[in-house]
Each structure stands twice: as C-alpha cells, then as structure tokens.
file coords.json (JSON, C-alpha atoms)
[["chain", "number", "residue", "atom", "x", "y", "z"],
["H", 141, "MET", "CA", 0.00, 0.00, 0.00],
["H", 142, "GLU", "CA", 1.19, 3.47, -0.81],
["H", 143, "LEU", "CA", 1.82, 5.80, 2.08],
["H", 144, "PRO", "CA", -0.54, 8.78, 2.26],
["H", 145, "PRO", "CA", 0.96, 12.23, 1.58],
["H", 146, "VAL", "CA", 0.65, 13.21, 5.23],
["H", 147, "ALA", "CA", 3.09, 10.42, 6.14],
["H", 148, "LEU", "CA", 5.56, 11.30, 3.44],
["H", 149, "GLU", "CA", 5.59, 14.94, 4.50],
["H", 150, "GLY", "CA", 6.34, 14.14, 8.14],
["H", 151, "SER", "CA", 9.35, 12.75, 9.97],
["H", 152, "VAL", "CA", 10.24, 9.11, 10.47],
["H", 153, "ARG", "CA", 9.27, 9.49, 14.11],
["H", 154, "SER", "CA", 5.83, 10.88, 13.31],
["H", 155, "MET", "CA", 5.18, 8.15, 10.74],
["H", 156, "LEU", "CA", 5.99, 5.37, 13.21],
["H", 157, "ARG", "CA", 3.86, 7.00, 15.87],
["H", 158, "SER", "CA", 0.87, 7.34, 13.51],
["H", 159, "PHE", "CA", 0.99, 3.89, 11.95],
["H", 160, "TRP", "CA", 2.27, 1.66, 14.76],
["H", 161, "GLY", "CA", 1.83, 3.73, 17.90],
["H", 162, "VAL", "CA", 5.56, 3.45, 18.60],
["H", 163, "ASP", "CA", 7.51, 6.45, 19.83],
["H", 164, "VAL", "CA", 11.02, 6.13, 18.38],
["H", 165, "ALA", "CA", 13.39, 8.92, 19.32],
["H", 166, "ASP", "CA", 16.36, 7.68, 17.33],
["H", 167, "LYS", "CA", 16.36, 7.48, 13.55],
["H", 168, "ARG", "CA", 19.12, 4.87, 13.68],
["H", 169, "LEU", "CA", 16.65, 2.29, 15.03],
["H", 170, "VAL", "CA", 14.77, 2.21, 11.72],
["H", 171, "GLY", "CA", 17.63, 2.94, 9.31],
["H", 172, "ASP", "CA", 18.13, -0.70, 8.31],
["H", 173, "LEU", "CA", 14.42, -1.12, 7.60],
["H", 174, "LEU", "CA", 14.08, 1.99, 5.45],
["H", 175, "LEU", "CA", 17.24, 1.35, 3.44],
["H", 176, "GLY", "CA", 16.85, -2.39, 3.04],
["H", 177, "ARG", "CA", 20.09, -3.08, 4.88],
["H", 178, "ARG", "CA", 20.68, -6.39, 6.61],
["H", 179, "GLN", "CA", 19.48, -6.47, 10.18],
["H", 180, "HIS", "CA", 22.89, -7.40, 11.57],
["H", 181, "THR", "CA", 24.81, -4.56, 9.96],
["H", 182, "GLY", "CA", 27.26, -2.81, 12.25],
["H", 183, "THR", "CA", 27.38, 0.77, 13.46],
["H", 184, "VAL", "CA", 29.43, 3.25, 11.41],
["H", 185, "LEU", "CA", 30.97, 6.28, 13.13],
["H", 186, "TYR", "CA", 32.76, 9.01, 11.16],
["H", 187, "VAL", "CA", 35.26, 11.11, 13.12],
["H", 188, "THR", "CA", 35.91, 14.49, 11.56],
["H", 189, "SER", "CA", 35.96, 18.22, 12.26],
["H", 190, "GLY", "CA", 36.52, 21.56, 10.59],
["H", 191, "SER", "CA", 40.16, 21.84, 11.68],
["H", 192, "GLY", "CA", 43.29, 19.75, 11.89],
["H", 193, "GLY", "CA", 45.13, 18.90, 15.09],
["H", 194, "VAL", "CA", 42.05, 18.30, 17.24],
["H", 195, "GLY", "CA", 42.76, 14.63, 17.97],
["H", 196, "LYS", "CA", 40.63, 12.86, 15.34],
["H", 197, "SER", "CA", 43.07, 10.02, 14.66],
["H", 198, "THR", "CA", 43.92, 9.42, 18.33],
["H", 199, "SER", "CA", 40.22, 9.46, 19.22],
["H", 200, "SER", "CA", 39.47, 6.93, 16.47],
["H", 201, "ARG", "CA", 42.07, 4.50, 17.78],
["H", 202, "ARG", "CA", 40.99, 4.85, 21.39],
["H", 203, "LEU", "CA", 37.34, 4.27, 20.51],
["H", 204, "CYS", "CA", 38.24, 1.05, 18.69],
["H", 205, "GLU", "CA", 40.48, -0.04, 21.58],
["H", 206, "ARG", "CA", 37.74, 0.31, 24.16],
["H", 207, "ALA", "CA", 35.02, -1.19, 21.95],
["H", 208, "ALA", "CA", 37.18, -4.21, 21.16],
["H", 209, "ALA", "CA", 37.95, -4.65, 24.88],
["H", 210, "MET", "CA", 34.21, -4.92, 25.46],
["H", 211, "GLY", "CA", 33.87, -7.68, 22.87],
["H", 212, "VAL", "CA", 32.62, -5.51, 20.00],
["H", 213, "SER", "CA", 34.34, -6.56, 16.77],
["H", 214, "SER", "CA", 35.78, -3.28, 15.45],
["H", 215, "LEU", "CA", 37.42, -1.99, 12.28],
["H", 216, "LEU", "CA", 39.37, 1.27, 12.01],
["H", 217, "VAL", "CA", 39.35, 2.74, 8.49],
["H", 218, "ASP", "CA", 42.00, 5.34, 7.66],
["H", 219, "ALA", "CA", 40.14, 7.63, 5.27],
["H", 220, "ASN", "CA", 42.74, 10.38, 5.33],
["H", 221, "PRO", "CA", 44.88, 9.50, 2.29],
["H", 222, "LEU", "CA", 46.74, 12.80, 2.25],
["H", 223, "GLN", "CA", 48.22, 12.24, 5.70],
["H", 224, "SER", "CA", 47.75, 8.47, 6.14],
["H", 225, "SER", "CA", 47.56, 9.13, 9.87],
["H", 226, "GLN", "CA", 46.95, 5.54, 10.95],
["H", 227, "ARG", "CA", 49.48, 4.13, 8.52],
["H", 228, "ASN", "CA", 52.12, 6.45, 9.94],
["H", 229, "PHE", "CA", 51.16, 5.58, 13.51],
["H", 230, "PHE", "CA", 51.53, 1.86, 12.92],
["H", 231, "GLY", "CA", 54.79, 1.99, 11.01],
["H", 232, "GLY", "CA", 54.63, 4.35, 8.06],
["H", 233, "ARG", "CA", 56.69, 3.29, 5.07],
["H", 234, "SER", "CA", 57.79, 0.09, 6.77],
["H", 235, "LEU", "CA", 54.31, -1.30, 6.14],
["H", 236, "LEU", "CA", 55.11, -2.64, 2.70],
["H", 237, "ASP", "CA", 52.86, -5.70, 2.59],
["H", 238, "VAL", "CA", 49.73, -4.54, 4.37],
["H", 239, "ARG", "CA", 46.30, -4.41, 2.82],
["H", 240, "THR", "CA", 44.95, -0.99, 1.95],
["H", 241, "ILE", "CA", 41.64, 0.27, 0.64],
["H", 242, "SER", "CA", 43.08, -0.02, -2.87],
["H", 243, "ASP", "CA", 43.40, -3.81, -2.44],
["H", 244, "TRP", "CA", 39.65, -4.19, -2.17],
["H", 245, "THR", "CA", 37.62, -4.51, -5.37],
["H", 246, "PRO", "CA", 34.23, -2.78, -5.49],
["H", 247, "GLY", "CA", 31.48, -5.35, -5.50],
["H", 248, "ASP", "CA", 33.47, -7.80, -3.38],
["H", 249, "GLU", "CA", 31.36, -8.71, -0.35],
["H", 250, "ARG", "CA", 34.51, -9.91, 1.43],
["H", 251, "ALA", "CA", 35.64, -6.65, 2.99],
["H", 252, "GLN", "CA", 38.42, -8.50, 4.80],
["H", 253, "HIS", "CA", 40.33, -8.36, 1.50],
["H", 254, "GLY", "CA", 40.94, -4.71, 2.26],
["H", 255, "ALA", "CA", 41.64, -5.09, 5.98],
["H", 256, "ASN", "CA", 44.42, -6.30, 8.28],
["H", 257, "GLN", "CA", 44.09, -8.32, 11.45],
["H", 258, "GLY", "CA", 44.89, -6.17, 14.43],
["H", 259, "ARG", "CA", 46.89, -8.84, 16.23],
["H", 260, "ARG", "CA", 49.65, -8.23, 13.71],
["H", 261, "PHE", "CA", 50.03, -4.76, 15.20],
["H", 262, "GLY", "CA", 49.35, -5.68, 18.80],
["H", 263, "VAL", "CA", 45.81, -4.31, 18.94],
["H", 264, "ALA", "CA", 42.44, -6.01, 19.36],
["H", 265, "TYR", "CA", 40.70, -4.27, 16.44],
["H", 266, "ASP", "CA", 41.30, -4.63, 12.70],
["H", 267, "LEU", "CA", 42.63, -1.95, 10.36],
["H", 268, "THR", "CA", 42.16, -0.72, 6.82],
["H", 269, "PHE", "CA", 44.98, 1.60, 5.78],
["H", 270, "ALA", "CA", 44.85, 4.47, 3.33],
["H", 271, "PRO", "CA", 46.46, 3.74, -0.06],
["H", 272, "GLU", "CA", 50.17, 4.09, -0.53],
["H", 273, "THR", "CA", 51.60, 7.40, -1.70],
["H", 274, "GLY", "CA", 50.89, 7.93, -5.37],
["H", 275, "GLN", "CA", 47.79, 5.73, -5.44],
["H", 276, "SER", "CA", 44.41, 7.37, -5.83],
["H", 277, "VAL", "CA", 41.18, 5.84, -4.59],
["H", 278, "PRO", "CA", 37.84, 7.55, -5.29],
["H", 279, "TRP", "CA", 35.56, 8.27, -2.36],
["H", 280, "SER", "CA", 32.92, 6.07, -3.96],
["H", 281, "ARG", "CA", 35.19, 3.07, -3.28],
["H", 282, "TYR", "CA", 35.43, 4.06, 0.37],
["H", 283, "ALA", "CA", 31.64, 4.28, 0.50],
["H", 284, "ASP", "CA", 31.21, 0.83, -1.04],
["H", 285, "PHE", "CA", 33.88, -0.66, 1.20],
["H", 286, "ILE", "CA", 32.29, 0.75, 4.35],
["H", 287, "MET", "CA", 28.94, -0.72, 3.29],
["H", 288, "ALA", "CA", 30.57, -4.14, 2.89],
["H", 289, "ALA", "CA", 32.59, -3.80, 6.11],
["H", 290, "ARG", "CA", 29.55, -3.13, 8.26],
["H", 291, "ARG", "CA", 28.32, -6.62, 7.41],
["H", 292, "LEU", "CA", 31.42, -8.18, 8.98],
["H", 293, "TRP", "CA", 32.29, -5.88, 11.88],
["H", 294, "GLN", "CA", 29.96, -4.63, 14.58],
["H", 295, "PHE", "CA", 31.66, -1.22, 14.81],
["H", 296, "VAL", "CA", 33.36, 0.62, 11.95],
["H", 297, "VAL", "CA", 35.21, 3.83, 12.86],
["H", 298, "VAL", "CA", 36.19, 6.01, 9.89],
["H", 299, "ASP", "CA", 39.04, 8.43, 10.59],
["H", 300, "LEU", "CA", 38.57, 11.39, 8.23],
["H", 301, "ASP", "CA", 40.57, 14.53, 7.61],
["H", 302, "ARG", "CA", 38.94, 17.91, 8.22],
["H", 303, "ILE", "CA", 35.92, 18.62, 6.04],
["H", 304, "SER", "CA", 34.40, 21.89, 4.87],
["H", 305, "PRO", "CA", 30.75, 22.99, 5.02],
["H", 306, "VAL", "CA", 30.82, 23.91, 1.31],
["H", 307, "ASP", "CA", 31.77, 20.32, 0.44],
["H", 308, "LEU", "CA", 28.82, 18.63, 2.15],
["H", 309, "ASP", "CA", 26.96, 18.38, -1.16],
["H", 310, "ASP", "CA", 30.04, 17.75, -3.35],
["H", 311, "THR", "CA", 30.22, 14.02, -4.09],
["H", 312, "GLY", "CA", 33.83, 14.41, -5.15],
["H", 313, "THR", "CA", 34.85, 15.03, -1.53],
["H", 314, "ALA", "CA", 34.78, 12.95, 1.65],
["H", 315, "ALA", "CA", 32.13, 15.28, 3.05],
["H", 316, "GLY", "CA", 29.73, 14.88, 0.13],
["H", 317, "ALA", "CA", 30.49, 11.26, -0.74],
["H", 318, "LEU", "CA", 30.64, 9.80, 2.77],
["H", 319, "VAL", "CA", 29.44, 12.03, 5.59],
["H", 320, "THR", "CA", 26.28, 13.55, 4.12],
["H", 321, "PRO", "CA", 24.66, 10.45, 2.56],
["H", 322, "SER", "CA", 25.71, 8.14, 5.41],
["H", 323, "VAL", "CA", 24.58, 10.35, 8.28],
["H", 324, "VAL", "CA", 21.36, 11.32, 6.52],
["H", 325, "SER", "CA", 20.62, 7.58, 6.31],
["H", 326, "GLY", "CA", 21.22, 7.08, 10.04],
["H", 327, "ASP", "CA", 24.96, 6.57, 10.51],
["H", 328, "LEU", "CA", 26.87, 8.64, 13.06],
["H", 329, "VAL", "CA", 29.43, 11.43, 12.98],
["H", 330, "LEU", "CA", 31.56, 12.61, 15.90],
["H", 331, "VAL", "CA", 32.90, 16.17, 15.76],
["H", 332, "PRO", "CA", 35.70, 17.10, 18.20],
["H", 333, "VAL", "CA", 35.65, 20.82, 19.00],
["H", 334, "LYS", "CA", 39.02, 22.03, 20.28],
["H", 335, "LEU", "CA", 38.64, 25.22, 22.27],
["H", 336, "GLY", "CA", 40.45, 28.10, 20.62],
["H", 337, "MET", "CA", 39.41, 31.03, 18.49],
["H", 338, "GLN", "CA", 40.01, 29.50, 15.04],
["H", 339, "THR", "CA", 39.34, 25.85, 15.82],
["H", 340, "GLN", "CA", 36.04, 26.65, 17.52],
["H", 341, "ARG", "CA", 34.98, 28.88, 14.65],
["H", 342, "ASP", "CA", 35.75, 26.15, 12.11],
["H", 343, "ALA", "CA", 33.89, 23.49, 14.09],
["H", 344, "MET", "CA", 30.82, 25.64, 14.71],
["H", 345, "ASN", "CA", 30.62, 26.60, 11.02],
["H", 346, "LEU", "CA", 30.62, 22.88, 10.18],
["H", 347, "LEU", "CA", 28.03, 21.98, 12.81],
["H", 348, "ALA", "CA", 25.77, 24.83, 11.71],
["H", 349, "ALA", "CA", 25.87, 23.49, 8.14],
["H", 350, "PHE", "CA", 24.73, 19.99, 9.10],
["H", 351, "PRO", "CA", 21.01, 20.78, 9.55],
["H", 352, "ARG", "CA", 20.93, 22.64, 6.24],
["H", 353, "HIS", "CA", 22.12, 19.48, 4.52],
["H", 354, "GLY", "CA", 19.63, 17.21, 6.27],
["H", 355, "LEU", "CA", 21.95, 15.58, 8.82],
["H", 356, "PRO", "CA", 19.66, 14.55, 11.71],
["H", 357, "ASN", "CA", 20.48, 15.99, 15.09],
["H", 358, "GLU", "CA", 20.40, 12.63, 16.85],
["H", 359, "CYS", "CA", 23.14, 11.25, 14.58],
["H", 360, "VAL", "CA", 25.67, 14.01, 15.38],
["H", 361, "GLY", "CA", 27.88, 13.77, 18.45],
["H", 362, "VAL", "CA", 30.04, 16.60, 19.77],
["H", 363, "LYS", "CA", 32.91, 16.42, 22.22],
["H", 364, "GLU", "CA", 35.03, 19.34, 23.34],
["H", 365, "VAL", "CA", 38.81, 19.17, 23.61],
["H", 366, "LEU", "CA", 40.36, 21.45, 26.21],
["H", 367, "PRO", "CA", 43.98, 22.52, 25.61],
["H", 368, "ILE", "CA", 46.62, 22.04, 28.28],
["H", 369, "GLY", "CA", 46.16, 24.51, 31.12],
["H", 370, "MET", "CA", 42.47, 25.24, 30.55],
["H", 371, "GLU", "CA", 40.60, 24.38, 33.74],
["H", 372, "GLU", "CA", 37.59, 26.64, 34.06],
["H", 373, "HIS", "CA", 35.10, 25.69, 31.40],
["H", 374, "ALA", "CA", 31.38, 25.60, 30.71],
["H", 375, "PRO", "CA", 30.26, 23.92, 27.47],
["H", 376, "TYR", "CA", 28.39, 25.74, 24.77],
["H", 377, "ASP", "CA", 24.81, 24.80, 23.97],
["H", 378, "TYR", "CA", 25.29, 22.25, 21.18],
["H", 379, "ALA", "CA", 21.68, 21.04, 21.34],
["H", 380, "PRO", "CA", 20.71, 22.63, 17.99],
["H", 381, "TYR", "CA", 23.44, 20.62, 16.26],
["H", 382, "GLY", "CA", 23.81, 17.30, 18.05],
["H", 383, "THR", "CA", 24.41, 15.41, 21.30],
["H", 384, "TYR", "CA", 27.01, 16.88, 23.62],
["H", 385, "LEU", "CA", 29.24, 14.08, 24.95],
["H", 386, "GLY", "CA", 31.58, 15.90, 27.30],
["H", 387, "ALA", "CA", 34.92, 17.67, 27.42],
["H", 388, "GLU", "CA", 38.32, 15.99, 27.22],
["H", 389, "ARG", "CA", 41.26, 17.66, 28.89],
["H", 390, "GLN", "CA", 44.60, 17.37, 27.15],
["H", 391, "SER", "CA", 47.67, 16.81, 29.29],
["H", 392, "VAL", "CA", 51.45, 16.72, 28.95],
["H", 393, "GLU", "CA", 51.36, 13.01, 29.80],
["H", 394, "ALA", "CA", 48.87, 12.28, 27.02],
["H", 395, "GLU", "CA", 50.99, 14.16, 24.49],
["H", 396, "ARG", "CA", 54.03, 12.19, 25.57],
["H", 397, "ARG", "CA", 52.23, 8.89, 25.15],
["H", 398, "ILE", "CA", 50.93, 9.87, 21.72],
["H", 399, "GLU", "CA", 54.43, 10.82, 20.59],
["H", 400, "GLN", "CA", 55.62, 7.40, 21.79],
["H", 401, "CYS", "CA", 52.86, 5.70, 19.77],
["H", 402, "ALA", "CA", 51.28, 4.32, 22.95],
["H", 403, "SER", "CA", 47.89, 2.66, 22.81],
["H", 404, "ASN", "CA", 45.06, 2.13, 25.25],
["H", 405, "TRP", "CA", 46.52, 3.83, 28.29],
["H", 406, "ALA", "CA", 44.25, 4.76, 31.18],
["H", 407, "ASP", "CA", 43.61, 8.50, 31.32],
["H", 408, "MET", "CA", 40.96, 10.05, 33.56],
["H", 409, "ASN", "CA", 41.12, 13.21, 31.45],
["H", 410, "LEU", "CA", 40.01, 11.26, 28.37],
["H", 411, "ASP", "CA", 38.35, 8.00, 29.39],
["H", 412, "PRO", "CA", 35.01, 9.36, 30.72],
["H", 413, "VAL", "CA", 34.23, 11.09, 27.43],
["H", 414, "ARG", "CA", 35.31, 8.08, 25.40],
["H", 415, "GLU", "CA", 32.93, 5.91, 27.41],
["H", 416, "ARG", "CA", 30.09, 8.34, 26.88],
["H", 417, "VAL", "CA", 30.74, 8.44, 23.12],
["H", 418, "LEU", "CA", 30.59, 4.65, 22.99],
["H", 419, "ALA", "CA", 27.45, 4.49, 25.14],
["H", 420, "TRP", "CA", 25.86, 6.88, 22.63],
["H", 421, "ALA", "CA", 27.11, 5.06, 19.53],
["H", 422, "LEU", "CA", 26.65, 1.51, 20.83],
["H", 423, "PRO", "CA", 23.76, 1.54, 23.30],
["H", 424, "ASP", "CA", 23.06, -1.57, 25.38],
["H", 425, "ARG", "CA", 26.59, -2.92, 24.88],
["H", 426, "GLY", "CA", 27.64, -2.37, 28.47],
["H", 427, "PHE", "CA", 29.44, 0.97, 28.24],
["H", 428, "ASP", "CA", 29.00, 2.90, 31.48],
["H", 429, "PRO", "CA", 30.31, 6.49, 31.69],
["H", 430, "ALA", "CA", 29.61, 6.64, 35.43],
["H", 431, "ARG", "CA", 32.39, 4.15, 36.19],
["H", 432, "TYR", "CA", 34.94, 6.69, 34.98],
["H", 433, "MET", "CA", 33.48, 9.69, 36.79],
["H", 434, "PRO", "CA", 34.64, 10.30, 40.39],
["H", 435, "LYS", "CA", 31.91, 11.93, 42.47],
["H", 436, "GLU", "CA", 33.81, 15.17, 42.82],
["H", 437, "ARG", "CA", 34.01, 15.53, 39.02],
["H", 438, "ARG", "CA", 30.56, 14.41, 37.97],
["H", 439, "LYS", "CA", 29.12, 17.91, 38.09],
["H", 440, "GLY", "CA", 32.15, 19.69, 36.67],
["H", 441, "LEU", "CA", 32.77, 17.24, 33.85],
["H", 442, "TRP", "CA", 29.62, 18.10, 31.96],
["H", 443, "GLY", "CA", 29.28, 21.57, 33.45],
["H", 444, "ARG", "CA", 26.61, 24.18, 32.88],
["H", 445, "LYS", "CA", 25.52, 25.06, 29.40],
["H", 446, "ARG", "CA", 25.99, 28.60, 28.27],
["H", 447, "LYS", "CA", 24.29, 30.28, 25.37]]
call {"tool": "encode", "arguments": {"input": "coords.json", "output": "structure tokens"}}
result
Amino acid sequence: MELPPVALEGSVRSMLRSFWGVDVADKRLVGDLLLGRRQHTGTVLYVTSGSGGVGKSTSSRRLCERAAAMGVSSLLVDANPLQSSQRNFFGGRSLLDVRTISDWTPGDERAQHGANQGRRFGVAYDLTFAPETGQSVPWSRYADFIMAARRLWQFVVVDLDRISPVDLDDTGTAAGALVTPSVVSGDLVLVPVKLGMQTQRDAMNLLAAFPRHGLPNECVGVKEVLPIGMEEHAPYDYAPYGTYLGAERQSVEAERRIEQCASNWADMNLDPVRERVLAWALPDRGFDPARYMPKERRKGLWGRKRK
C-alpha cells in the first residue's frame, strides 16, 4: 500500500507514531528497515571536524580499543589518504605488505580483503589503511567498502581529515560522498571541538551546516577538547546541532604517550568522554560512563551550558 501524503511529509518518528503507535526517538533504530540493509549490519561512526590537530586520529584508535575490549568486533578505516595518519602511527613506510583500501575490489562482499588483522600490530581491532603514496582511490570506493565492512564488523570507525561545510553536497569530496549520505541515512558522525578562536569557529561553522544538509540531530555527536592549562570551562549549547558528549582535557602526559605511539593507556582526562561516546554510539553494549566519573568531578565534567 502506498503511504498517504501526510506520512511522506512528516518525519520518520511521526510516521511510526501514527501507523504503529511506537515512539522512536532515534532514527538509527529504523535505518536498516528503510534502506533495506541487513538487520545485523554494524554501526558506522565518522570522526571528523573543521580543523586539523584536534585529535581525530587518536580518538578513532581509542574508541576502537575500548570497543574491542568490550567484545565488540571493530574496524578502524584510515580515510585520510593525504596524511595516512593511521598508517604512519603503525609503522609508516615500513608497512610494505599490508592491505589498503586499494586492495579491495568494489562489489566484493569480502571486505576482509581490504583489511588487516589487528593482532599483527598488537591491537584487538582490525585496520584498513589508506592507499600508498601515489595511489588514488575515489571516495565512492570508500563508501562501497564501508557498506561491505559493516556486514562483517559490529563497529566501523572512519578516521577522516577535516571537512568543509561547502563540500557537504560535493560528491567528489569525503564530506559529500561519505558524511552527508551516510549520516542522513542514520549513521553517526563525531565532531571534536578544540577550544580556541580559530578551531572553535571552524567546528561551529561545520556543525551549523549539518542541519541545512539534512543531517539529523540525533546522529551528530560533539565532544570538546580542552587545551593544556584550561581548567575553568562551561560547554556551549550544542543542542541545535547534536548530542554533547563531554569535554576531554589534554595533558602533557597524554601528548608524551601519543608521541611514543602508545595505545590504550588509562587516562581520567580522556576515558570518561570516550565511554560516553561509545554508550551513545553503541547503546546496550555495556558501556557505562559513570564508572569513569569520580563523584567530585561528575558535576564539573559536563558543566553548565551557556548560550
């Protein structure tokens, strides 16, 4: 039966409420049904922002580390071919015989042909590296690979470079080919906002562009990144753009560990927010932000919202 015009003009939530009497707050819960995807497809999370140097690649690794530790099969996709951030982290040019996105053939349901087992690198999650220098892979191949990968892994984290608001409808860019169509269909995007005049401006310009391009509010996550030395802080009101997931505090110790290519270290300045991101992205999988929040910090961690 054809849907009446009143249903087509409304939201997914209103349609479900009218036809089935079900109040669904999260578009992701019906994404597989509407798009004909397999029921067991995994969650896809894009990590990007409007600026460089805000911790996108480190955040992507740490999310996969924690998810894998909780028994969630995870894949980290390096979708930053210009910098090859993950490739450099795990060995750079010495990785001569690893699989990259260019080793996977579009149409091949076996996404493992473009991935590497994490145990080779001493991690519990698997990895897909960006192509080697000089090789070009269209964003459409990344999109097809991610669709295939979500059928094998329960959690796919895509580490992107910075994206621009003007590129959100340009299918020749990562923003237009990956972020816009995927998030509109119910996938997730995490935007780190590093406090600072330029980095905040870039991030807010990007977040403000999301609604104009149809990215649903419930599929956008925002975490703030506080530079070393910044203690007093109250988060902005990100409600018009997405779900606020807390503020990470950078530290000298964390910078030292990153420089040493450390993985999965305990850090009370970072772990509570990571847990909250995962509880948002992977509900009912056992992630509990409260376990990382000492009583004296519970109020200050999320803080008061300011306009």
call {"tool": "closest_residue", "arguments": {"input": "coords.json", "among": "H:Pro321, H:Gly369, H:Pro145, H:Gly426", "to": "H:Leu308", "atoms": "all atoms listed in the file"}}
result
H:Pro321
call {"tool": "residues_around", "arguments": {"input": "coords.json", "residues": "H:Gly386", "least_positions_apart": "6", "cutoff": "10 Å", "atoms": "all atoms listed in the file", "output": "PyMOL selection string"}}
result
chain H and resi 361-365+375+410+412-414+416-417+441-443
call {"tool": "write_last_selection", "arguments": {"input": "coords.json", "atoms": "C-alpha atoms", "output": "compact mmCIF listing (two decimals), keeping the file's coordinate frame"}}
result
# COMPACT_ATOMS: atom_id res chain seq x y z
CA GLY H 361 27.88 13.77 18.45
CA VAL H 362 30.04 16.60 19.77
CA LYS H 363 32.91 16.42 22.22
CA GLU H 364 35.03 19.34 23.34
CA VAL H 365 38.81 19.17 23.61
CA PRO H 375 30.26 23.92 27.47
CA LEU H 410 40.01 11.26 28.37
CA PRO H 412 35.01 9.36 30.72
CA VAL H 413 34.23 11.09 27.43
CA ARG H 414 35.31 8.08 25.40
CA ARG H 416 30.09 8.34 26.88
CA VAL H 417 30.74 8.44 23.12
CA LEU H 441 32.77 17.24 33.85
CA TRP H 442 29.62 18.10 31.96
CA GLY H 443 29.28 21.57 33.45
call {"tool": "atom_distance", "arguments": {"input": "coords.json", "atom1": "atom CA of H:Val392", "atom2": "atom CA of H:Met370"}}
result
12.5 Å
call {"tool": "atom_distance", "arguments": {"input": "coords.json", "atom1": "atom CA of H:Gly326", "atom2": "atom CA of H:Leu355"}}
result
8.6 Å
call {"tool": "atom_distance", "arguments": {"input": "coords.json", "atom1": "atom CA of H:Met433", "atom2": "atom CA of H:Leu347"}}
result
27.5 Å
call {"tool": "closest_residue", "arguments": {"input": "coords.json", "among": "H:Arg281, H:Arg291, H:Arg302, H:Arg259", "to": "H:Ile241", "atoms": "all atoms listed in the file"}}
result
H:Arg281
call {"tool": "residues_near_point", "arguments": {"input": "coords.json", "point": "(43.7, 4.8, 0.5)", "cutoff": "9 Å", "atoms": "all atoms listed in the file", "output": "list in words"}}
result
Asp218, Ala219, Asn220, Pro221, Leu222, Ser224, Thr240, Ile241, Ser242, Thr268, Phe269, Ala270, Pro271, Glu272, Thr273, Gln275, Ser276, Val277, Pro278 and Tyr282 of chain H
call {"tool": "closest_residue", "arguments": {"input": "coords.json", "among": "H:Met337, H:Met287, H:Val306, H:Ala348", "to": "H:Leu318", "atoms": "only C-alpha atoms"}}
result
H:Met287
call {"tool": "residues_around", "arguments": {"input": "coords.json", "residues": "H:Asn404", "least_positions_apart": "5", "cutoff": "8 Å", "atoms": "all atoms listed in the file", "output": "list in words"}}
result
Arg202, Glu205 and Arg206 of chain H
call {"tool": "closest_residue", "arguments": {"input": "coords.json", "among": "H:Asp327, H:Asp301, H:Gln252, H:Gln257", "to": "H:Thr313", "atoms": "all atoms listed in the file"}}
result
H:Asp301
call {"tool": "residues_around", "arguments": {"input": "coords.json", "residues": "stretch 356-360 of chain H", "least_positions_apart": "5", "cutoff": "9 Å", "atoms": "all atoms listed in the file", "output": "PyMOL selection string"}}
result
chain H and resi 165-168+323-331+347+350-351+379-384+421
call {"tool": "residues_around", "arguments": {"input": "coords.json", "residues": "H:Ser213", "least_positions_apart": "5", "cutoff": "12 Å", "atoms": "all atoms listed in the file", "output": "PDB file with C-alpha atoms, in the coordinates of the input"}}
result
ATOM      1  CA  THR H 181      24.810  -4.560   9.960  1.00  0.00           C
ATOM      2  CA  GLY H 182      27.260  -2.810  12.250  1.00  0.00           C
ATOM      3  CA  THR H 183      27.380   0.770  13.460  1.00  0.00           C
ATOM      4  CA  LEU H 203      37.340   4.270  20.510  1.00  0.00           C
ATOM      5  CA  CYS H 204      38.240   1.050  18.690  1.00  0.00           C
ATOM      6  CA  GLU H 205      40.480  -0.040  21.580  1.00  0.00           C
ATOM      7  CA  ARG H 206      37.740   0.310  24.160  1.00  0.00           C
ATOM      8  CA  ALA H 207      35.020  -1.190  21.950  1.00  0.00           C
ATOM      9  CA  ALA H 208      37.180  -4.210  21.160  1.00  0.00           C
ATOM     10  CA  GLN H 257      44.090  -8.320  11.450  1.00  0.00           C
ATOM     11  CA  GLY H 258      44.890  -6.170  14.430  1.00  0.00           C
ATOM     12  CA  VAL H 263      45.810  -4.310  18.940  1.00  0.00           C
ATOM     13  CA  ALA H 264      42.440  -6.010  19.360  1.00  0.00           C
ATOM     14  CA  TYR H 265      40.700  -4.270  16.440  1.00  0.00           C
ATOM     15  CA  ASP H 266      41.300  -4.630  12.700  1.00  0.00           C
ATOM     16  CA  LEU H 267      42.630  -1.950  10.360  1.00  0.00           C
ATOM     17  CA  ALA H 289      32.590  -3.800   6.110  1.00  0.00           C
ATOM     18  CA  ARG H 290      29.550  -3.130   8.260  1.00  0.00           C
ATOM     19  CA  ARG H 291      28.320  -6.620   7.410  1.00  0.00           C
ATOM     20  CA  LEU H 292      31.420  -8.180   8.980  1.00  0.00           C
ATOM     21  CA  TRP H 293      32.290  -5.880  11.880  1.00  0.00           C
ATOM     22  CA  GLN H 294      29.960  -4.630  14.580  1.00  0.00           C
ATOM     23  CA  PHE H 295      31.660  -1.220  14.810  1.00  0.00           C
ATOM     24  CA  VAL H 296      33.360   0.620  11.950  1.00  0.00           C
ATOM     25  CA  VAL H 297      35.210   3.830  12.860  1.00  0.00           C
ATOM     26  CA  LEU H 422      26.650   1.510  20.830  1.00  0.00           C
ATOM     27  CA  ARG H 425      26.590  -2.920  24.880  1.00  0.00           C
TER      28      ARG H 425
END
call {"tool": "closest_residue", "arguments": {"input": "coords.json", "among": "H:Ala314, H:Ala288, H:Leu366, H:Leu346", "to": "H:Arg389", "atoms": "all atoms listed in the file"}}
result
H:Leu366
call {"tool": "closest_residue", "arguments": {"input": "coords.json", "among": "H:Leu300, H:Ala255, H:Leu335, H:Val238", "to": "H:Ser199", "atoms": "all atoms listed in the file"}}
result
H:Leu300
